[in-house]
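In what follows, a single structure is set out as structure tokens and then discussed.
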Amino acid sequence: MARRREDRWQPPEHPEVERPRAYSLSEDARGPDVCHAVTPVPVWAWIQFPSFHVRVKAFAKSWTRDAVLVEWAQFGQQANAWVWRSAVKHRTLRADVSRRSPENAPH
């Protein structure tokens, strides 16, 4: 009969540490008339957490006159938050850059 090995790796028994959640603007702050993107737009976005800020590669999913709903990968999971419009800048995906040719470059 086989014996149980005592030195076999086992997952830790302590609970997973809760990850910080990003701040998201309230409905009053972001304003009315939400526009939803048919195809999410690639953006750089500054995300605010309780103790730090971080710039992430994200996608703009919706927006208003004052705010943008961005979605990004955080700790291996999907996250989203409403941020001020000034915290978001457009970015180009690598596939889009490779499709450019010298004759299409700006002069």
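Just remember, in the structure tokens the first chain shown is A, the second B, etc., residues are 1-based per chain, and ligands are 1-based in the order shown.
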Taking the backbone alone, and naming residues the way the document does, which bits of chain A are strand (DSSP E or B) by DSSP, as a short mmCIF file (atom, residue, chain, number, x, y, z; two decimals) with C-alpha atoms, in the first residue's frame?
data_model
loop_
_atom_site.label_atom_id
_atom_site.label_comp_id
_atom_site.auth_asym_id
_atom_site.auth_seq_id
_atom_site.Cartn_x
_atom_site.Cartn_y
_atom_site.Cartn_z
CA CYS A 35 -22.52 56.81 -25.39
CA HIS A 36 -21.53 53.15 -25.76
CA ALA A 37 -18.76 52.03 -28.11
CA VAL A 38 -19.63 49.45 -30.76
CA THR A 39 -15.98 48.39 -30.67
CA PRO A 40 -13.97 49.26 -27.54
CA VAL A 41 -11.34 51.95 -28.18
CA PRO A 42 -7.75 51.26 -27.01
CA VAL A 43 -6.60 53.89 -24.50
CA TRP A 44 -4.06 54.68 -21.80
CA ALA A 45 -5.86 55.50 -18.55
CA TRP A 46 -4.80 56.73 -15.13
CA ILE A 47 -6.58 54.63 -12.52
CA GLN A 48 -6.83 55.78 -8.90
CA HIS A 53 -2.32 55.79 -9.03
CA VAL A 54 -1.30 53.67 -11.99
CA ARG A 55 -1.38 54.14 -15.77
CA VAL A 56 -2.80 51.09 -17.54
CA LYS A 57 -3.45 49.87 -21.06
CA ALA A 58 -7.22 49.84 -21.21
CA PHE A 59 -10.21 49.99 -23.52
CA ALA A 60 -12.85 52.72 -23.49
CA LYS A 61 -16.26 51.04 -23.41
CA SER A 62 -18.56 54.05 -22.83
CA TRP A 63 -18.24 57.78 -22.27
CA ALA A 67 -15.99 60.80 -18.06
CA VAL A 68 -14.97 57.51 -19.68
CA LEU A 69 -15.72 53.93 -18.63
CA VAL A 70 -12.44 52.04 -19.06
CA GLU A 71 -11.81 48.32 -18.79
CA TRP A 72 -8.40 46.70 -18.13
CA ALA A 73 -6.79 43.55 -16.74
CA GLN A 74 -6.02 43.74 -13.03
CA GLN A 77 -9.04 39.56 -13.86
CA GLN A 78 -11.16 42.04 -15.76
CA ALA A 79 -11.71 45.37 -14.00
CA ASN A 80 -13.49 48.58 -14.95
CA ALA A 81 -14.04 52.08 -13.60
CA TRP A 82 -15.41 55.44 -14.63
CA VAL A 83 -12.56 58.00 -14.75
CA TRP A 84 -12.35 61.65 -15.72
CA VAL A 88 -7.57 58.99 -20.72
CA LYS A 89 -5.45 59.21 -23.90
CA HIS A 90 -5.81 57.27 -27.15
#
Next item on the list: Select from stretch 20-99 of chain A everything DSSP, run on the backbone, classes as alpha helix (DSSP H), then give the selection as a ChimeraX atom specification.
Entry: /A:27-30,94-99
Just to be explicit: take each residue in the selection above, keep all heavy atoms, and write the result as a CSV table (one decimal), in the first residue's frame.
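File written: part.csv
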chain,number,residue,atom,x,y,z
A,27,GLU,N,-22.5,58.4,-10.6
A,27,GLU,CA,-23.3,58.7,-11.7
A,27,GLU,C,-23.5,60.2,-11.8
A,27,GLU,O,-23.5,60.7,-12.9
A,27,GLU,CB,-24.7,58.0,-11.5
A,27,GLU,CG,-25.6,58.1,-12.8
A,27,GLU,CD,-26.8,57.3,-12.6
A,27,GLU,OE1,-26.9,56.4,-11.8
A,27,GLU,OE2,-27.8,57.6,-13.4
A,28,ASP,N,-23.6,60.9,-10.7
A,28,ASP,CA,-23.7,62.4,-10.8
A,28,ASP,C,-22.5,63.0,-11.3
A,28,ASP,O,-22.5,64.0,-12.1
A,28,ASP,CB,-24.0,62.9,-9.3
A,28,ASP,CG,-25.4,62.6,-8.8
A,28,ASP,OD1,-26.3,62.3,-9.7
A,28,ASP,OD2,-25.6,62.6,-7.6
A,29,ALA,N,-21.3,62.5,-11.0
A,29,ALA,CA,-20.0,63.0,-11.4
A,29,ALA,C,-19.8,62.8,-12.9
A,29,ALA,O,-19.4,63.7,-13.6
A,29,ALA,CB,-18.9,62.5,-10.7
A,30,ARG,N,-20.2,61.6,-13.4
A,30,ARG,CA,-19.9,61.4,-14.8
A,30,ARG,C,-20.9,62.0,-15.8
A,30,ARG,O,-20.6,62.2,-16.9
A,30,ARG,CB,-19.8,59.9,-15.1
A,30,ARG,CG,-21.0,59.1,-14.8
A,30,ARG,CD,-20.8,57.6,-15.1
A,30,ARG,NE,-21.9,56.8,-14.8
A,30,ARG,CZ,-22.0,55.9,-13.8
A,30,ARG,NH1,-21.0,55.7,-13.0
A,30,ARG,NH2,-23.1,55.2,-13.7
A,94,ARG,N,-0.5,47.4,-31.6
A,94,ARG,CA,0.6,47.1,-32.4
A,94,ARG,C,0.2,46.6,-33.8
A,94,ARG,O,0.8,46.9,-34.8
A,94,ARG,CB,1.4,46.0,-31.8
A,94,ARG,CG,2.2,46.5,-30.6
A,94,ARG,CD,3.0,45.4,-30.0
A,94,ARG,NE,3.5,45.8,-28.7
A,94,ARG,CZ,4.8,45.7,-28.4
A,94,ARG,NH1,5.6,45.1,-29.2
A,94,ARG,NH2,5.2,46.2,-27.2
A,95,ALA,N,-0.9,45.9,-33.9
A,95,ALA,CA,-1.4,45.4,-35.2
A,95,ALA,C,-1.7,46.6,-36.1
A,95,ALA,O,-1.5,46.6,-37.3
A,95,ALA,CB,-2.7,44.6,-35.0
A,96,ASP,N,-2.2,47.7,-35.5
A,96,ASP,CA,-2.5,48.9,-36.3
A,96,ASP,C,-1.2,49.6,-36.8
A,96,ASP,O,-1.1,50.1,-37.9
A,96,ASP,CB,-3.3,49.9,-35.5
A,96,ASP,CG,-4.7,49.5,-35.2
A,96,ASP,OD1,-5.1,48.5,-35.8
A,96,ASP,OD2,-5.3,50.0,-34.3
A,97,VAL,N,-0.1,49.6,-36.0
A,97,VAL,CA,1.1,50.2,-36.4
A,97,VAL,C,1.8,49.4,-37.6
A,97,VAL,O,2.3,50.0,-38.5
A,97,VAL,CB,2.1,50.2,-35.2
A,97,VAL,CG1,3.5,50.7,-35.6
A,97,VAL,CG2,1.5,51.1,-34.1
A,98,SER,N,1.7,48.1,-37.5
A,98,SER,CA,2.3,47.2,-38.6
A,98,SER,C,1.6,47.4,-39.9
A,98,SER,O,2.2,47.1,-41.0
A,98,SER,CB,2.4,45.8,-38.1
A,98,SER,OG,1.1,45.3,-38.0
A,99,ARG,N,0.4,47.8,-39.9
A,99,ARG,CA,-0.4,48.0,-41.2
A,99,ARG,C,0.0,49.3,-41.9
A,99,ARG,O,-0.3,49.4,-43.1
A,99,ARG,CB,-1.9,47.9,-40.9
A,99,ARG,CG,-2.4,46.6,-40.6
A,99,ARG,CD,-3.9,46.6,-40.5
A,99,ARG,NE,-4.2,45.4,-39.6
A,99,ARG,CZ,-5.3,45.4,-38.9
A,99,ARG,NH1,-6.1,46.4,-38.9
A,99,ARG,NH2,-5.6,44.3,-38.1
Checklist line | Contacts of A:Arg65 at 9 Å (only C-alpha atoms; same-chain gap of 6+ positions) as a PyMOL selection string | finding: chain A and resi 30-34+85
Note to self: When you count only C-alpha atoms, which of these residues is closest to A:Tyr23: A:Asp66, A:Thr92, A:Gly76, A:Phe49?
What the structure shows: A:Phe49
Next item on the list: Give me, please, the distance in Å between atom CA of A:Phe75 and atom CA of A:Ser26, quoted to one decimal.
Entry: 23.8 Å
